[in-house]
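Colleague: Just work_20.cif, nothing more (mmCIF, C-alpha atoms):
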```
data_run
#
loop_
_atom_site.label_atom_id
_atom_site.label_comp_id
_atom_site.auth_asym_id
_atom_site.auth_seq_id
_atom_site.Cartn_x
_atom_site.Cartn_y
_atom_site.Cartn_z
CA MET A 199 -28.54 1.71 -1.43
CA SER A 200 -26.21 -0.49 -3.46
CA ILE A 201 -25.01 0.88 -6.77
CA THR A 202 -22.38 -1.76 -7.52
CA GLN A 203 -23.57 -2.12 -11.12
CA ASN A 204 -22.83 1.52 -11.92
CA GLY A 205 -19.48 2.81 -13.20
CA ILE A 206 -16.60 3.23 -10.82
CA SER A 207 -16.69 7.02 -10.93
CA THR A 208 -20.41 7.00 -10.13
CA ARG A 209 -19.77 4.62 -7.23
CA SER A 210 -16.94 6.83 -5.97
CA VAL A 211 -19.31 9.78 -5.74
CA HIS A 212 -22.55 8.15 -4.59
CA SER A 213 -21.95 4.85 -2.78
CA GLY A 214 -22.28 5.30 0.97
CA ALA A 215 -23.25 8.93 0.39
CA THR A 216 -27.05 8.94 0.48
CA PRO A 217 -28.53 12.31 1.59
CA GLU A 218 -29.17 12.36 5.33
CA SER A 219 -32.79 11.39 6.04
CA HIS A 220 -33.63 13.76 8.91
CA THR A 221 -32.65 17.07 7.25
CA GLY A 222 -32.04 16.11 3.63
CA SER A 223 -28.39 17.20 3.85
CA VAL A 224 -26.68 16.08 0.64
CA VAL A 225 -23.44 15.59 2.56
CA ALA A 226 -23.64 13.22 5.51
CA PRO A 227 -23.06 14.78 8.94
CA ILE A 228 -20.22 13.70 11.20
CA PHE A 229 -21.64 11.54 13.98
CA GLN A 230 -19.28 12.63 16.74
CA THR A 231 -20.72 10.46 19.48
CA SER A 232 -19.46 7.61 21.64
CA THR A 233 -22.81 5.86 22.11
CA PHE A 234 -26.29 5.54 20.58
CA MET A 235 -29.68 5.60 22.33
CA MET A 236 -31.94 2.57 22.31
CA ASP A 237 -35.73 2.59 22.77
CA THR A 238 -35.77 -1.04 23.88
CA PRO A 239 -32.92 -2.89 25.66
CA GLY A 240 -30.71 -4.58 23.12
CA GLN A 241 -32.61 -3.20 20.10
CA THR A 242 -30.70 -0.53 18.18
CA ARG A 243 -32.34 2.03 15.93
CA ALA A 244 -29.97 1.66 13.00
CA GLY A 245 -27.55 -1.08 14.00
CA PHE A 246 -25.27 1.13 16.10
CA ASP A 247 -24.82 0.81 19.86
CA TYR A 248 -21.27 1.89 20.77
CA ALA A 249 -18.81 3.78 18.60
CA ARG A 250 -15.95 1.34 19.16
CA THR A 251 -17.85 -1.30 17.17
CA GLY A 252 -19.31 0.96 14.50
CA THR A 253 -20.46 4.42 13.46
CA PRO A 254 -22.53 5.71 10.54
CA ASN A 255 -19.49 7.46 9.06
CA ARG A 256 -17.44 4.29 9.25
CA SER A 257 -20.24 2.30 7.63
CA ASP A 258 -20.49 4.83 4.79
CA LEU A 259 -16.78 4.47 4.12
CA GLU A 260 -16.91 0.68 4.31
CA GLN A 261 -19.79 0.59 1.85
CA VAL A 262 -18.01 2.59 -0.82
CA LEU A 263 -14.78 0.62 -0.36
CA CYS A 264 -16.70 -2.64 -0.67
CA GLU A 265 -18.38 -1.53 -3.87
CA LEU A 266 -15.20 -0.13 -5.41
CA GLU A 267 -13.26 -3.36 -4.73
CA ASN A 268 -16.20 -5.70 -5.45
CA ALA A 269 -15.60 -7.18 -2.01
CA SER A 270 -18.00 -8.98 0.29
CA PHE A 271 -16.57 -7.48 3.49
CA ALA A 272 -14.83 -4.24 4.42
CA ALA A 273 -13.48 -2.84 7.67
CA ALA A 274 -12.22 0.75 7.89
CA VAL A 275 -9.55 1.01 10.58
CA ASN A 276 -7.38 3.70 12.10
CA SER A 277 -4.18 3.16 10.06
CA GLY A 278 -2.66 1.04 7.35
CA THR A 279 -0.62 -0.76 9.99
CA SER A 280 -3.81 -1.52 11.92
CA ALA A 281 -5.18 -3.13 8.77
CA GLU A 282 -2.16 -5.40 8.71
CA VAL A 283 -2.47 -6.14 12.42
CA ALA A 284 -6.09 -7.17 11.88
CA VAL A 285 -5.12 -9.60 9.11
CA PHE A 286 -2.15 -11.14 10.90
CA SER A 287 -3.79 -11.38 14.31
CA ALA A 288 -7.08 -12.74 13.00
CA LEU A 289 -5.70 -15.24 10.50
CA LEU A 290 -2.39 -16.53 11.90
CA ARG A 291 -1.65 -19.16 14.56
CA PRO A 292 1.67 -20.25 16.14
CA GLY A 293 3.48 -22.47 13.67
CA ASP A 294 2.03 -20.74 10.61
CA GLU A 295 4.27 -19.16 8.01
CA VAL A 296 3.87 -15.95 6.04
CA ILE A 297 5.58 -15.61 2.66
CA ILE A 298 6.48 -12.00 1.89
CA PRO A 299 7.98 -10.39 -1.24
CA ARG A 300 11.59 -9.30 -1.61
CA ASP A 301 10.53 -5.64 -1.87
CA ILE A 302 8.13 -4.83 0.93
CA TYR A 303 6.90 -1.87 2.93
CA GLY A 304 9.29 -1.63 5.85
CA GLY A 305 6.60 -1.32 8.48
CA THR A 306 5.14 -4.67 7.39
CA TYR A 307 8.45 -6.44 7.81
CA ARG A 308 9.10 -4.74 11.14
CA LEU A 309 5.61 -5.66 12.37
CA LEU A 310 5.99 -9.32 11.45
CA VAL A 311 9.49 -9.70 12.88
CA ASN A 312 8.99 -7.68 16.06
CA GLU A 313 5.48 -8.79 16.97
CA TYR A 314 4.63 -12.11 15.31
CA VAL A 315 7.87 -14.09 15.12
CA ARG A 316 7.97 -14.10 18.94
CA TRP A 317 4.55 -15.78 18.92
CA GLY A 318 5.80 -18.60 16.74
CA VAL A 319 4.99 -17.30 13.26
CA GLY A 320 7.58 -17.89 10.57
CA VAL A 321 8.42 -15.31 7.91
CA ARG A 322 9.95 -16.30 4.57
CA THR A 323 11.09 -13.90 1.86
CA VAL A 324 10.54 -14.98 -1.74
CA ASP A 325 10.88 -13.20 -5.06
CA LEU A 326 7.17 -13.21 -5.85
CA THR A 327 7.80 -11.90 -9.36
CA ASP A 328 9.11 -15.44 -10.01
CA ALA A 329 6.29 -18.03 -9.89
CA GLU A 330 8.79 -20.89 -9.77
CA ALA A 331 10.41 -19.42 -6.66
CA LEU A 332 7.04 -19.26 -4.93
CA ALA A 333 6.16 -22.80 -5.98
CA ALA A 334 9.43 -24.03 -4.49
CA ALA A 335 8.98 -22.12 -1.22
CA ILE A 336 5.32 -22.62 -0.36
CA SER A 337 4.51 -25.45 2.04
CA GLU A 338 1.76 -26.82 4.26
CA LYS A 339 2.85 -24.31 6.91
CA THR A 340 2.14 -21.36 4.64
CA ALA A 341 -0.98 -19.59 5.88
CA ILE A 342 -0.65 -16.29 4.01
CA VAL A 343 1.12 -15.24 0.84
CA TRP A 344 1.55 -11.48 1.19
CA VAL A 345 1.87 -9.44 -2.00
CA GLU A 346 2.49 -5.77 -2.66
CA ALA A 347 1.56 -4.69 -6.19
CA PRO A 348 3.12 -2.30 -6.97
CA SER A 349 5.59 -2.70 -4.13
CA ASN A 350 7.05 -0.03 -1.86
CA PRO A 351 9.53 1.38 -2.68
CA GLY A 352 10.91 -0.59 -5.65
CA LEU A 353 7.63 -0.86 -7.62
CA ASP A 354 7.89 -4.59 -8.31
CA ILE A 355 4.85 -6.04 -10.08
CA VAL A 356 3.55 -9.47 -9.03
CA ASP A 357 1.13 -11.42 -11.21
CA ILE A 358 -1.81 -11.58 -8.79
CA ALA A 359 -3.85 -14.16 -10.71
CA GLU A 360 -0.95 -16.61 -11.04
CA THR A 361 0.08 -16.09 -7.42
CA ALA A 362 -3.51 -16.75 -6.31
CA LYS A 363 -3.53 -20.10 -8.11
CA LEU A 364 -0.34 -21.21 -6.37
CA ALA A 365 -1.50 -20.01 -2.97
CA HIS A 366 -4.92 -21.65 -3.18
CA ALA A 367 -3.50 -24.94 -4.47
CA ASN A 368 -1.65 -25.08 -1.15
CA ASN A 369 -4.61 -23.88 0.97
CA ALA A 370 -2.96 -20.52 1.63
CA ILE A 371 -4.65 -17.13 1.68
CA LEU A 372 -3.51 -14.52 -0.80
CA ALA A 373 -3.41 -11.03 0.74
CA VAL A 374 -2.59 -8.05 -1.48
CA ASP A 375 -1.50 -4.63 -0.31
CA SER A 376 -2.92 -2.54 -3.15
CA THR A 377 -2.24 0.87 -1.60
CA PHE A 378 -0.26 2.20 -4.58
CA ALA A 379 -2.90 1.11 -7.09
CA THR A 380 -6.19 1.83 -5.27
CA PRO A 381 -9.38 0.13 -6.52
CA ILE A 382 -9.45 2.60 -9.40
CA LEU A 383 -6.43 1.00 -11.07
CA GLN A 384 -6.52 -2.57 -9.74
CA ARG A 385 -9.02 -4.85 -7.99
CA PRO A 386 -7.15 -7.87 -6.57
CA ILE A 387 -10.27 -9.75 -5.45
CA GLU A 388 -11.39 -9.92 -9.08
CA LEU A 389 -7.97 -11.44 -9.85
CA GLY A 390 -8.29 -14.14 -7.16
CA ALA A 391 -7.03 -12.50 -3.96
CA ASP A 392 -8.77 -13.33 -0.67
CA VAL A 393 -7.83 -10.18 1.25
CA VAL A 394 -6.98 -6.65 0.13
CA ILE A 395 -5.26 -4.09 2.35
CA HIS A 396 -5.05 -0.34 1.88
CA SER A 397 -3.38 2.47 3.72
CA THR A 398 -6.22 4.90 3.04
CA THR A 399 -3.87 7.59 4.33
CA LYS A 400 -2.34 7.63 0.87
CA PHE A 401 -4.13 7.96 -2.49
CA ILE A 402 -7.60 6.94 -1.30
CA ASN A 403 -7.92 9.93 1.02
CA GLY A 404 -5.46 11.86 -1.11
CA HIS A 405 -5.06 15.06 0.88
CA SER A 406 -2.37 14.26 3.49
CA ASP A 407 -4.69 15.09 6.38
CA VAL A 408 -5.90 11.68 7.60
CA ILE A 409 -4.38 8.45 8.93
CA GLY A 410 -6.45 5.38 8.07
CA GLY A 411 -6.53 1.89 6.66
CA ALA A 412 -8.89 -0.73 5.29
CA VAL A 413 -9.21 -4.51 5.12
CA LEU A 414 -11.42 -6.07 2.45
CA ALA A 415 -12.26 -9.69 1.75
CA GLY A 416 -13.74 -11.78 -1.02
CA GLY A 417 -16.38 -14.46 -0.90
CA GLY A 418 -14.25 -17.11 0.82
CA THR A 419 -14.65 -19.78 -1.86
CA THR A 420 -11.09 -20.04 -3.16
CA CYS A 421 -9.77 -22.61 -0.63
CA PRO A 422 -10.78 -24.07 2.76
CA ARG A 423 -8.70 -21.57 4.74
CA ALA A 424 -10.32 -18.65 2.90
CA ALA A 425 -13.77 -19.72 4.09
CA GLU A 426 -12.84 -18.60 7.63
CA VAL A 427 -11.47 -15.17 6.72
CA VAL A 428 -14.52 -12.94 7.17
CA GLU A 429 -15.70 -14.60 10.39
CA ARG A 430 -12.25 -14.30 11.96
CA LEU A 431 -11.82 -10.70 10.86
CA GLU A 432 -15.24 -9.74 12.23
CA SER A 433 -14.55 -11.43 15.56
CA HIS A 434 -11.10 -9.90 15.94
CA LEU A 435 -12.15 -6.38 14.97
CA ALA A 436 -15.11 -6.47 17.39
CA SER A 437 -12.71 -7.40 20.19
CA VAL A 438 -9.82 -5.00 19.69
CA GLY A 439 -11.34 -1.67 18.62
CA LEU A 440 -9.25 -0.69 15.61
CA GLY A 441 -12.04 1.24 13.86
CA ILE A 442 -11.43 4.60 12.23
CA ALA A 443 -12.79 7.68 14.03
CA PRO A 444 -15.90 9.42 12.63
CA PHE A 445 -14.16 12.58 11.41
CA ASP A 446 -11.35 10.63 9.76
CA ALA A 447 -13.90 8.35 8.11
CA TRP A 448 -15.85 11.40 6.90
CA LEU A 449 -12.73 13.00 5.42
CA THR A 450 -11.70 9.77 3.71
CA ARG A 451 -15.19 9.28 2.25
CA ARG A 452 -15.03 12.85 0.95
CA GLY A 453 -11.63 12.18 -0.64
CA ILE A 454 -12.96 9.12 -2.49
CA LYS A 455 -15.44 11.29 -4.41
CA THR A 456 -12.53 12.65 -6.46
CA LEU A 457 -10.39 9.50 -6.42
CA PRO A 458 -10.93 8.54 -10.10
CA VAL A 459 -10.02 11.97 -11.46
CA ARG A 460 -7.10 12.30 -9.06
CA MET A 461 -5.67 8.90 -10.00
CA ALA A 462 -5.88 9.77 -13.68
CA LYS A 463 -3.80 12.90 -13.05
CA HIS A 464 -1.35 11.09 -10.75
CA CYS A 465 -0.77 8.48 -13.45
CA GLU A 466 -0.42 11.07 -16.20
CA ASN A 467 2.15 13.05 -14.24
CA ALA A 468 4.06 9.95 -13.14
CA GLN A 469 4.33 8.64 -16.69
CA ALA A 470 5.66 11.98 -17.92
CA VAL A 471 8.20 12.23 -15.10
CA ALA A 472 9.38 8.62 -15.57
CA GLU A 473 9.94 9.15 -19.28
CA TRP A 474 11.71 12.45 -18.63
CA LEU A 475 14.00 10.87 -16.02
CA GLU A 476 14.96 8.05 -18.38
CA GLY A 477 16.48 10.62 -20.70
CA ARG A 478 18.64 12.28 -18.04
CA PRO A 479 22.34 11.32 -17.88
CA GLU A 480 22.41 11.87 -14.09
CA ILE A 481 19.83 9.11 -13.57
CA ALA A 482 21.17 5.56 -13.43
CA GLU A 483 17.84 3.71 -13.49
CA VAL A 484 14.13 4.50 -13.38
CA TYR A 485 11.51 2.19 -11.84
CA TYR A 486 7.95 2.73 -13.08
CA PRO A 487 5.54 0.03 -14.32
CA GLY A 488 4.39 2.26 -17.14
CA LEU A 489 7.79 2.13 -18.81
CA PRO A 490 8.45 -0.66 -21.32
CA SER A 491 11.85 -1.04 -19.64
CA HIS A 492 10.20 -2.14 -16.38
CA PRO A 493 10.39 -5.96 -16.01
CA GLY A 494 6.78 -6.07 -14.81
CA HIS A 495 5.38 -3.82 -17.55
CA GLU A 496 3.42 -6.52 -19.38
CA VAL A 497 1.93 -7.94 -16.18
CA ALA A 498 0.99 -4.44 -15.04
CA LYS A 499 -0.79 -3.82 -18.35
CA LYS A 500 -2.75 -7.04 -17.83
CA GLN A 501 -3.94 -6.42 -14.26
CA MET A 502 -3.99 -2.63 -13.93
CA SER A 503 -5.85 0.13 -15.77
CA GLY A 504 -3.10 2.63 -14.97
CA PHE A 505 0.40 2.49 -13.54
CA GLY A 506 0.12 4.65 -10.43
CA GLY A 507 1.49 7.88 -9.10
CA VAL A 508 4.86 6.78 -7.67
CA VAL A 509 8.15 6.80 -9.57
CA SER A 510 11.37 5.48 -8.04
CA PHE A 511 14.84 6.01 -9.45
CA ARG A 512 18.56 5.94 -8.73
CA THR A 513 20.94 8.78 -9.39
CA ASP A 514 24.50 8.20 -10.54
CA THR A 515 25.99 9.17 -7.15
CA GLU A 516 24.94 9.38 -3.53
CA ALA A 517 26.00 13.03 -3.39
CA ARG A 518 23.68 13.88 -6.25
CA ALA A 519 20.76 12.05 -4.63
CA LEU A 520 21.22 13.94 -1.35
CA SER A 521 21.59 17.24 -3.16
CA LEU A 522 18.58 16.60 -5.40
CA VAL A 523 16.08 15.90 -2.62
CA GLN A 524 17.17 19.09 -0.86
CA SER A 525 17.03 21.23 -3.99
CA THR A 526 13.40 20.83 -5.06
CA GLU A 527 11.12 23.71 -4.18
CA LEU A 528 7.67 22.78 -5.43
CA ILE A 529 8.17 19.12 -4.45
CA ALA A 530 8.33 18.77 -0.66
CA LEU A 531 10.96 16.62 1.04
CA ALA A 532 8.71 14.51 3.26
CA GLU A 533 7.63 10.99 4.13
CA SER A 534 4.34 9.40 3.04
CA LEU A 535 2.83 9.60 -0.45
CA GLY A 536 -0.41 9.76 -2.40
CA GLY A 537 -1.47 13.33 -1.69
CA VAL A 538 -2.42 15.97 -4.21
CA GLU A 539 0.99 17.53 -3.62
CA SER A 540 4.21 15.97 -4.92
CA LEU A 541 6.60 14.56 -2.32
CA ILE A 542 10.20 13.38 -2.58
CA ASP A 543 11.85 10.90 -0.21
CA HIS A 544 15.45 9.72 0.30
CA PRO A 545 14.85 6.34 1.95
CA ALA A 546 18.43 5.68 3.09
CA THR A 547 18.37 8.70 5.39
CA MET A 548 14.63 8.98 6.00
CA THR A 549 12.12 6.16 5.83
CA HIS A 550 14.72 3.37 5.80
CA LEU A 551 17.35 4.80 8.14
CA ALA A 552 16.76 2.00 10.64
CA VAL A 553 18.30 -0.54 8.26
CA ALA A 554 21.18 1.60 7.01
CA ASP A 555 23.90 -0.74 8.33
CA CYS A 556 22.35 -4.13 7.67
CA GLU A 557 21.60 -6.42 4.73
CA SER A 558 18.26 -4.71 4.11
CA SER A 559 19.71 -1.29 3.44
CA VAL A 560 18.60 0.83 0.51
CA SER A 561 21.13 2.25 -1.89
CA PRO A 562 21.82 5.87 -0.92
CA THR A 563 21.39 6.75 -4.59
CA PHE A 564 17.74 5.67 -4.44
CA ILE A 565 14.86 8.19 -4.45
CA ARG A 566 11.09 7.68 -4.21
CA LEU A 567 8.92 10.34 -5.82
CA SER A 568 5.17 10.61 -5.26
CA LEU A 569 3.64 12.67 -8.04
CA GLY A 570 0.82 15.00 -7.13
CA ILE A 571 -1.72 16.65 -9.41
CA GLU A 572 0.17 19.89 -10.09
CA ASP A 573 0.80 21.07 -13.65
CA ILE A 574 3.37 18.75 -15.18
CA ALA A 575 5.35 21.66 -16.61
CA ASP A 576 5.89 22.96 -13.07
CA ILE A 577 6.90 19.54 -11.72
CA LEU A 578 9.43 19.00 -14.52
CA ALA A 579 10.79 22.53 -14.15
CA ASP A 580 11.34 21.91 -10.44
CA LEU A 581 13.12 18.61 -11.07
CA ASN A 582 15.21 20.17 -13.83
CA SER A 583 16.29 23.04 -11.59
CA ALA A 584 17.04 20.65 -8.72
CA LEU A 585 19.17 18.42 -10.94
CA ALA A 586 21.01 21.46 -12.32
CA ALA A 587 21.82 22.48 -8.75
CA THR A 588 23.37 19.12 -7.89
CA VAL A 589 27.10 18.54 -7.94
CA GLN A 590 28.62 15.15 -8.62
CA THR A 591 31.15 14.26 -5.93
CA PRO A 592 32.71 10.93 -4.93
CA ASP A 593 30.26 8.68 -3.14
CA ARG A 594 30.66 7.57 0.42
CA VAL A 595 29.36 4.17 -0.63
CA SER A 596 31.60 1.18 -1.24
CA SER A 597 31.33 -0.62 -4.55
CA ASP A 598 28.59 -3.16 -5.17
CA VAL A 599 29.27 -6.78 -4.30
CA GLU A 600 27.96 -9.94 -5.86
CA THR A 601 25.62 -12.20 -3.93
CA SER A 602 25.46 -15.94 -3.77
CA GLY A 603 21.66 -16.17 -3.57
CA ALA A 604 21.98 -18.04 -0.27
CA GLU A 605 19.44 -17.63 2.50
CA THR A 606 20.00 -16.50 6.05
CA THR A 607 17.76 -17.18 9.03
CA VAL A 608 17.45 -14.74 11.93
CA ALA A 609 14.91 -15.22 14.72
CA GLY A 610 12.72 -17.43 12.57
CA VAL A 611 12.95 -15.18 9.51
CA GLN A 612 14.38 -16.63 6.30
CA THR A 613 15.73 -14.08 3.87
CA PRO A 614 18.00 -14.16 0.84
CA VAL A 615 21.36 -12.46 1.19
CA ALA A 616 20.84 -8.89 0.04
CA ASP A 617 22.09 -7.60 -3.28
CA PRO A 618 23.25 -4.01 -2.67
CA SER A 619 22.99 -3.23 -6.37
CA ARG A 620 19.22 -3.40 -6.23
CA ALA A 621 17.54 -0.05 -5.87
CA ALA A 622 14.85 -1.40 -3.59
CA PRO A 623 15.55 -2.96 -0.21
CA LYS A 624 14.85 -6.59 0.46
CA HIS A 625 13.54 -5.81 3.94
CA PRO A 626 13.03 -2.10 4.49
CA VAL A 627 12.12 -1.20 8.06
CA ALA A 628 10.43 2.12 7.64
CA LYS A 629 7.98 4.54 9.12
CA VAL A 630 6.28 5.26 5.82
#
```
Let's see the structure in the file written out as structure tokens.

Modeller:
Amino acid sequence: MSITQNGISTRSVHSGATPESHTGSVVAPIFQTSTFMMDTPGQTRAGFDYARTGTPNRSDLEQVLCELENASFAAAVNSGTSAEVAVFSALLRPGDEVIIPRDIYGGTYRLLVNEYVRWGVGVRTVDLTDAEALAAAISEKTAIVWVEAPSNPGLDIVDIAETAKLAHANNAILAVDSTFATPILQRPIELGADVVIHSTTKFINGHSDVIGGAVLAGGGTTCPRAAEVVERLESHLASVGLGIAPFDAWLTRRGIKTLPVRMAKHCENAQAVAEWLEGRPEIAEVYYPGLPSHPGHEVAKKQMSGFGGVVSFRTDTEARALSLVQSTELIALAESLGGVESLIDHPATMTHLAVADCESSVSPTFIRLSLGIEDIADILADLNSALAATVQTPDRVSSDVETSGAETTVAGVQTPVADPSRAAPKHPVAKV
């Protein structure tokens, strides 16, 4: 049953959630099986033959994701990284180039450099918040323009519609990692994207108890290369077995039922925290698209219906940042994000430790905060107490240096020389 024409909250509850036909169970059962019986050789009862290629729980999840994103194709896979692997492996050939943003999830950069550069794929970093920079960098070799909106961890905002026009004019696919926004706040396919990627581990599931990912695609009419996307994804996914397990799919589908109300609360809490942080003398800079001070604020207002549940910021000293993340009590010091509980992360010593001594390092004053759905008064009280417990001591960090804007090339990867004064890394290599 397709209910695409209904409101997004109705779709979140009902799409892919039809009562089970045999017993009438309102909640679908978990089909914990590896294979499905046939009555006639080669003729399945409901389209399922072997659980590697598909299960009812996976199909239910794919249906709701398709309807929420207004996509023509969806594949639910076993992690956000697997979603990226599916896109890169299905759509890239030796000699192709991927353009990536200056602020990017570290695992994406690590995946491309470690696994695809050695197969002859080029990787070029461009400031995708600058359309002129993209126009100057894109070439006939460019197969994919990869966007994060908002980005992880610096919360850059890229104009998806304008980026789509540039990509398609050069026969390149636009892929958008929309994990931080979810389809509740932003639907990139409606803005011109060809492929959307989610780590469903995060806000979509929302309860920090599942690892999963999703790949979605549009109609394939934007440029000649886009016409091949769905066929290649289907072929690749049938071959490699990246599908999400039945129980994980069931949990994720359950989480989506409350996604609209959760995202509203995440956004409300994040906005309040961002505004509160801007008024604190210990905080050097706050990064949140909902703030008028954010350089991408106007673009975010145009393409999003809310600004998300993640706030990033820099403290005035490294010592204060380290003390702060260890002083919160309600907010857990942990990797990942998007759960109903608030989490705080110090990337320089946690998620981005692997790049601590290279050009991609994150300022040790930088903190990423994922706001849960707790009472805002309790979140602010915890942050206030944690800041009060911090002590400003001399940093161990050398002073910022100016950059020339030159590019460096390492193992087929072209990157601009890093600017250590930026809060977000140019190339974070991270676990989360």

Colleague: Going by the chain IDs and residue numbers used in this file, which residues fall under the PyMOL selection byres ((chain A and resi 450-457) around 8)? Write them as a ChimeraX atom specification.

Modeller: /A:207,210-212,258-259,262,382,398,401-405,408,446-449,458-461

Colleague: Using only C-alpha atoms, which of the listed residues (A:Val509, A:Leu541, A:Ile574, A:Val283) sits closest to A:Pro348?

Modeller: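 Under the stated criterion, the closest residue is A:Val509.
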
Colleague: Let me make sure I understand: among A:Ala373, A:Ala415, A:Ile355, A:Ile297, which one has the smallest atom-to-atom distance to A:Pro493 if we use only C-alpha atoms?

Modeller: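 The closest residue to A:Pro493 is A:Ile355.
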
Colleague: What is the distance, in Å and to one decimal place, between atom CA of A:Leu431 and atom CA of A:Ala288?

Modeller: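 Computing the Euclidean distance for atom CA of A:Leu431 and atom CA of A:Ala288 yields 5.6 Å.
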
Colleague: Extract, using all atoms listed in the file, all DNA, RNA and protein residues at most 10 Å from stretch 391-394 of chain A, discarding same-chain residues fewer than 5 positions from it, and format them as an MDAnalysis selection string.

Modeller: chainID A and resid 267 269 271:272 281:282 285 342:346 358:359 361:363 365:366 370:377 381 385:386 412:421 423:425 427:428

Colleague: Can you work out the spacing between atom CA of A:Lys400 and atom CA of A:Phe378 in Å, to one decimal?

Modeller: 8.0 Å

Colleague: For A:Gln524, work out the shell of residues within 12 Å, counting all atoms listed in the file and skipping chain neighbours fewer than 4 positions away, then give it as a ChimeraX atom specification.

Modeller: /A:517-520,528-532,541-544,565,580-581,583-585,587-588

Colleague: Which one of A:Glu432, A:Asp294, A:Glu476, A:Asp301 sits closest to A:Pro351 if you count only C-alpha atoms?

Modeller: A:Asp301

Colleague: Let me make sure I understand: among A:Gly252, A:Pro227, A:Gly214, A:Gly494, which one has the smallest atom-to-atom distance to A:Leu435 if we use all atoms listed in the file?

Modeller: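 Once distances to A:Leu435 are computed over all atoms listed in the file, the minimum belongs to A:Gly252.
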
Colleague: By how many Å are atom CA of A:Glu260 and atom CA of A:Ala498 apart?

Modeller: 26.9 Å

Colleague: Using all atoms listed in the file, pick whichever of A:Glu480, A:Asp407, A:Glu330, A:Asp325 has the shortest atom-to-atom distance to A:Val356.

Modeller: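 The answer is A:Asp325, which sits nearest to A:Val356.
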
Colleague: When you count all atoms listed in the file, which of these residues is closest to A:Ser568: A:Leu353, A:Leu440, A:Ile395, A:Leu290?

Modeller: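 That would be A:Leu353, the residue with the smallest distance to A:Ser568.
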
Colleague: Please provide the set of residues having any atom within 7 Å of A:Gly439, restricted to only C-alpha atoms, with same-chain residues fewer than 2 positions apart removed, written as a list in words.

Modeller: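 Counting only the stated atoms, we get Arg250, Thr251, Leu435, Ala436, Ser437 and Gly441 of chain A.
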
Colleague: With the PyMOL selection byres ((chain A and resi 502) around 9) as the selection, what would be picked from this file? Answer as a list in words, please.

Modeller: Ala379, Ile382, Leu383, Gln384, Arg385, Val497, Ala498, Lys499, Lys500, Gln501, Ser503, Gly504 and Phe505 of chain A

Colleague: Could you state which residues are captured by the PyMOL selection byres ((chain A and resi 470) around 10) in this file, as number ranges by chain?

Modeller: A: 465-469, 471-475, 488, 574-575, 577-578
